[in-house]
Amino acid sequence: MNLIKGFMLIELPTIQDGIDGTISIVESGKHIPFNVKRVYYVYNLANQVAIRGKHAHKKLEQVLFCISGSFKLNLDDGENQMEFLVYKPNVGVYLGVDLWHSMTDFSSNCIFFVLASDYYNESDYIRNYSEFINYVTVKNLKTHSNHYNHGLIQ
Ligand code: T46
């Protein structure tokens, strides 16, 4: 069971071609739980103190792949936090809504590649941590009171 809400790992079908390398496949509608509208990738991460992310999304869903090197991913759903090393090119990290994420400790050869459910829209970002905590707290309270009103919680 995942402690963190809005997070899962997605392992891609992968073919080992022996000395000729390895191929990992992403097919729209099969391996990614949304229609991909945007692809972006980040590289030139040679700076040891680079920090990326430090935000959450209100509606955007993404799957992130580290296709070269490695980095540390920190996740925070407003209640629980976790940190792990992302380094497998065939394993994507699904980042759902309301998930504060930041990336650090990039190896010099790091390239990360992202499939996103929508076009870039700055108003979908929550870039302030206190604002994020308020946002998820209010949302959780609303969900809890809806469940209560519908008799799901006695
Ligand atoms: C995310 C993590 C994993 C655009 O104009 N269009 C784009 O599609 C993207 C991704 C960025 N930008 C602009 C917005 C900023 O002026 O590029 C600049 C850097 O973006 P940001 O600071 O958001 O970069 P990261 O690496 O912190 O975050 C990115 C994604 O923006 C974000 O959605 O979840 O990667």
# chains A, B, ... in the order shown; residues from 1 in each chain; ligands from 1
call {"tool": "residues_around", "arguments": {"residues": "segment 115-132 of chain A", "least_positions_apart": "3", "cutoff": "7 Å", "atoms": "only C-alpha atoms", "output": "list in words"}}
result
Phe34, Asn35, Val36, Lys37, Arg38, Val39, Tyr40, Lys54, His55, Ala56, His57, Lys58, Lys59, Leu60, Glu61, Gln62, Val63, Leu64, Tyr135 and Val136 of chain A
call {"tool": "select_by_dssp", "arguments": {"residues": "segment 19-152 of chain A", "states": "strand (DSSP E)", "output": "ChimeraX atom specification"}}
result
/A:22-24,38-42,52-57,62-68,71-76,81-86,91-95,100-104,111-116,125-126
call {"tool": "closest_residue", "arguments": {"among": "A:Ile67, A:Leu73, A:Val49, A:Ile133", "to": "ligand 1", "atoms": "only C-alpha atoms and all ligand atoms"}}
result
A:Leu73
call {"tool": "atom_distance", "arguments": {"atom1": "atom CA of Asn80 of chain A", "atom2": "atom CA of Leu3 of chain A"}}
result
6.8 Å
call {"tool": "closest_residue", "arguments": {"among": "A:Asn140, A:Ser145, A:Asn109, A:Asn134", "to": "Asn44 of chain A", "atoms": "only C-alpha atoms"}}
result
A:Asn109
call {"tool": "closest_residue", "arguments": {"among": "A:Ile4, A:Ile111, A:Val138, A:Ile10", "to": "Ala46 of chain A", "atoms": "only C-alpha atoms"}}
result
A:Ile111
call {"tool": "decode", "arguments": {"residues": "segment 13-122 of chain A", "atoms": "C-alpha atoms", "output": "PDB file, in the first residue's frame"}}
result
ATOM      1  CA  PRO A  13       7.364  -3.357 -21.146  1.00  0.00           C
ATOM      2  CA  THR A  14      11.059  -3.687 -21.897  1.00  0.00           C
ATOM      3  CA  ILE A  15      12.913  -5.756 -24.441  1.00  0.00           C
ATOM      4  CA  GLN A  16      16.560  -6.629 -23.894  1.00  0.00           C
ATOM      5  CA  ASP A  17      18.291  -6.793 -27.250  1.00  0.00           C
ATOM      6  CA  GLY A  18      21.480  -8.288 -25.837  1.00  0.00           C
ATOM      7  CA  ILE A  19      24.568  -6.416 -27.009  1.00  0.00           C
ATOM      8  CA  ASP A  20      22.329  -4.158 -29.145  1.00  0.00           C
ATOM      9  CA  GLY A  21      20.747  -2.448 -26.128  1.00  0.00           C
ATOM     10  CA  THR A  22      17.350  -2.231 -24.517  1.00  0.00           C
ATOM     11  CA  ILE A  23      14.023  -0.831 -25.691  1.00  0.00           C
ATOM     12  CA  SER A  24      11.203   0.339 -23.404  1.00  0.00           C
ATOM     13  CA  ILE A  25       7.795   1.068 -24.862  1.00  0.00           C
ATOM     14  CA  VAL A  26       5.030   3.522 -23.905  1.00  0.00           C
ATOM     15  CA  GLU A  27       1.734   3.153 -25.748  1.00  0.00           C
ATOM     16  CA  SER A  28      -0.931   5.812 -25.355  1.00  0.00           C
ATOM     17  CA  GLY A  29      -3.977   4.535 -23.497  1.00  0.00           C
ATOM     18  CA  LYS A  30      -2.179   1.367 -22.356  1.00  0.00           C
ATOM     19  CA  HIS A  31       0.603   2.224 -19.969  1.00  0.00           C
ATOM     20  CA  ILE A  32      -0.224   5.783 -18.949  1.00  0.00           C
ATOM     21  CA  PRO A  33      -3.475   6.482 -17.019  1.00  0.00           C
ATOM     22  CA  PHE A  34      -4.356   9.607 -19.077  1.00  0.00           C
ATOM     23  CA  ASN A  35      -4.165  10.923 -22.619  1.00  0.00           C
ATOM     24  CA  VAL A  36      -0.768  12.499 -23.167  1.00  0.00           C
ATOM     25  CA  LYS A  37      -1.049  16.110 -24.365  1.00  0.00           C
ATOM     26  CA  ARG A  38       2.479  17.298 -23.684  1.00  0.00           C
ATOM     27  CA  VAL A  39       5.993  15.901 -23.463  1.00  0.00           C
ATOM     28  CA  TYR A  40       8.963  17.753 -22.008  1.00  0.00           C
ATOM     29  CA  TYR A  41      12.431  16.818 -20.862  1.00  0.00           C
ATOM     30  CA  VAL A  42      15.015  18.401 -18.633  1.00  0.00           C
ATOM     31  CA  TYR A  43      18.784  18.061 -19.071  1.00  0.00           C
ATOM     32  CA  ASN A  44      22.033  19.982 -18.464  1.00  0.00           C
ATOM     33  CA  LEU A  45      21.595  19.246 -14.768  1.00  0.00           C
ATOM     34  CA  ALA A  46      25.300  19.322 -14.001  1.00  0.00           C
ATOM     35  CA  ASN A  47      24.871  21.795 -11.127  1.00  0.00           C
ATOM     36  CA  GLN A  48      25.143  19.809  -7.870  1.00  0.00           C
ATOM     37  CA  VAL A  49      22.834  22.209  -6.036  1.00  0.00           C
ATOM     38  CA  ALA A  50      20.066  22.260  -8.658  1.00  0.00           C
ATOM     39  CA  ILE A  51      16.575  21.916  -7.205  1.00  0.00           C
ATOM     40  CA  ARG A  52      13.574  21.496  -9.486  1.00  0.00           C
ATOM     41  CA  GLY A  53       9.883  21.114  -8.780  1.00  0.00           C
ATOM     42  CA  LYS A  54       8.934  22.552  -5.353  1.00  0.00           C
ATOM     43  CA  HIS A  55       5.289  22.730  -6.383  1.00  0.00           C
ATOM     44  CA  ALA A  56       2.071  20.730  -6.694  1.00  0.00           C
ATOM     45  CA  HIS A  57      -0.540  20.608  -9.444  1.00  0.00           C
ATOM     46  CA  LYS A  58      -4.280  21.102  -9.050  1.00  0.00           C
ATOM     47  CA  LYS A  59      -5.399  19.170 -12.151  1.00  0.00           C
ATOM     48  CA  LEU A  60      -2.310  18.065 -14.075  1.00  0.00           C
ATOM     49  CA  GLU A  61      -1.266  14.411 -13.997  1.00  0.00           C
ATOM     50  CA  GLN A  62       2.216  13.376 -15.078  1.00  0.00           C
ATOM     51  CA  VAL A  63       4.479  10.381 -15.462  1.00  0.00           C
ATOM     52  CA  LEU A  64       8.145  11.111 -15.037  1.00  0.00           C
ATOM     53  CA  PHE A  65      10.992   8.947 -16.328  1.00  0.00           C
ATOM     54  CA  CYS A  66      14.667   9.320 -15.547  1.00  0.00           C
ATOM     55  CA  ILE A  67      16.051   8.183 -18.900  1.00  0.00           C
ATOM     56  CA  SER A  68      19.674   8.845 -17.989  1.00  0.00           C
ATOM     57  CA  GLY A  69      21.488   9.067 -14.644  1.00  0.00           C
ATOM     58  CA  SER A  70      19.574   9.536 -11.408  1.00  0.00           C
ATOM     59  CA  PHE A  71      18.050  12.059  -9.011  1.00  0.00           C
ATOM     60  CA  LYS A  72      16.307  12.141  -5.676  1.00  0.00           C
ATOM     61  CA  LEU A  73      12.559  12.700  -5.666  1.00  0.00           C
ATOM     62  CA  ASN A  74      10.816  14.054  -2.575  1.00  0.00           C
ATOM     63  CA  LEU A  75       7.045  13.623  -2.379  1.00  0.00           C
ATOM     64  CA  ASP A  76       4.625  15.165   0.098  1.00  0.00           C
ATOM     65  CA  ASP A  77       0.838  14.756  -0.035  1.00  0.00           C
ATOM     66  CA  GLY A  78       0.295  17.197   2.837  1.00  0.00           C
ATOM     67  CA  GLU A  79       0.254  14.422   5.444  1.00  0.00           C
ATOM     68  CA  ASN A  80       3.043  12.003   4.556  1.00  0.00           C
ATOM     69  CA  GLN A  81       6.423  12.458   2.934  1.00  0.00           C
ATOM     70  CA  MET A  82       8.762  10.068   1.161  1.00  0.00           C
ATOM     71  CA  GLU A  83      12.050  10.307  -0.680  1.00  0.00           C
ATOM     72  CA  PHE A  84      13.589   7.898  -3.137  1.00  0.00           C
ATOM     73  CA  LEU A  85      16.151   7.645  -5.897  1.00  0.00           C
ATOM     74  CA  VAL A  86      14.780   7.653  -9.457  1.00  0.00           C
ATOM     75  CA  TYR A  87      17.164   5.886 -11.837  1.00  0.00           C
ATOM     76  CA  LYS A  88      15.400   3.172 -13.857  1.00  0.00           C
ATOM     77  CA  PRO A  89      14.619   4.318 -17.438  1.00  0.00           C
ATOM     78  CA  ASN A  90      11.834   1.719 -17.713  1.00  0.00           C
ATOM     79  CA  VAL A  91      10.029   2.686 -14.485  1.00  0.00           C
ATOM     80  CA  GLY A  92       7.914   5.836 -14.519  1.00  0.00           C
ATOM     81  CA  VAL A  93       6.762   7.768 -11.491  1.00  0.00           C
ATOM     82  CA  TYR A  94       3.107   8.756 -11.688  1.00  0.00           C
ATOM     83  CA  LEU A  95       2.531  12.151 -10.071  1.00  0.00           C
ATOM     84  CA  GLY A  96      -1.144  12.791  -9.452  1.00  0.00           C
ATOM     85  CA  VAL A  97      -2.816  15.990  -8.338  1.00  0.00           C
ATOM     86  CA  ASP A  98      -2.180  17.648  -4.957  1.00  0.00           C
ATOM     87  CA  LEU A  99       1.276  16.163  -4.606  1.00  0.00           C
ATOM     88  CA  TRP A 100       4.137  18.453  -3.620  1.00  0.00           C
ATOM     89  CA  HIS A 101       7.246  17.236  -5.420  1.00  0.00           C
ATOM     90  CA  SER A 102      10.844  18.344  -5.568  1.00  0.00           C
ATOM     91  CA  MET A 103      13.903  16.910  -7.255  1.00  0.00           C
ATOM     92  CA  THR A 104      17.506  17.189  -6.070  1.00  0.00           C
ATOM     93  CA  ASP A 105      20.878  15.393  -6.246  1.00  0.00           C
ATOM     94  CA  PHE A 106      20.952  15.108 -10.022  1.00  0.00           C
ATOM     95  CA  SER A 107      23.796  13.053 -11.430  1.00  0.00           C
ATOM     96  CA  SER A 108      25.798  14.939 -14.079  1.00  0.00           C
ATOM     97  CA  ASN A 109      24.371  12.783 -16.901  1.00  0.00           C
ATOM     98  CA  CYS A 110      20.778  13.073 -15.683  1.00  0.00           C
ATOM     99  CA  ILE A 111      17.938  13.566 -18.162  1.00  0.00           C
ATOM    100  CA  PHE A 112      14.344  13.358 -17.024  1.00  0.00           C
ATOM    101  CA  PHE A 113      11.474  12.992 -19.391  1.00  0.00           C
ATOM    102  CA  VAL A 114       7.838  13.748 -18.576  1.00  0.00           C
ATOM    103  CA  LEU A 115       4.480  12.808 -20.101  1.00  0.00           C
ATOM    104  CA  ALA A 116       1.764  15.244 -19.057  1.00  0.00           C
ATOM    105  CA  SER A 117      -2.038  15.160 -19.255  1.00  0.00           C
ATOM    106  CA  ASP A 118      -2.379  18.790 -20.360  1.00  0.00           C
ATOM    107  CA  TYR A 119      -0.679  21.783 -21.908  1.00  0.00           C
ATOM    108  CA  TYR A 120       1.432  24.094 -19.764  1.00  0.00           C
ATOM    109  CA  ASN A 121      -0.733  26.303 -17.575  1.00  0.00           C
ATOM    110  CA  GLU A 122       0.893  28.307 -14.788  1.00  0.00           C
TER     111      GLU A 122
END
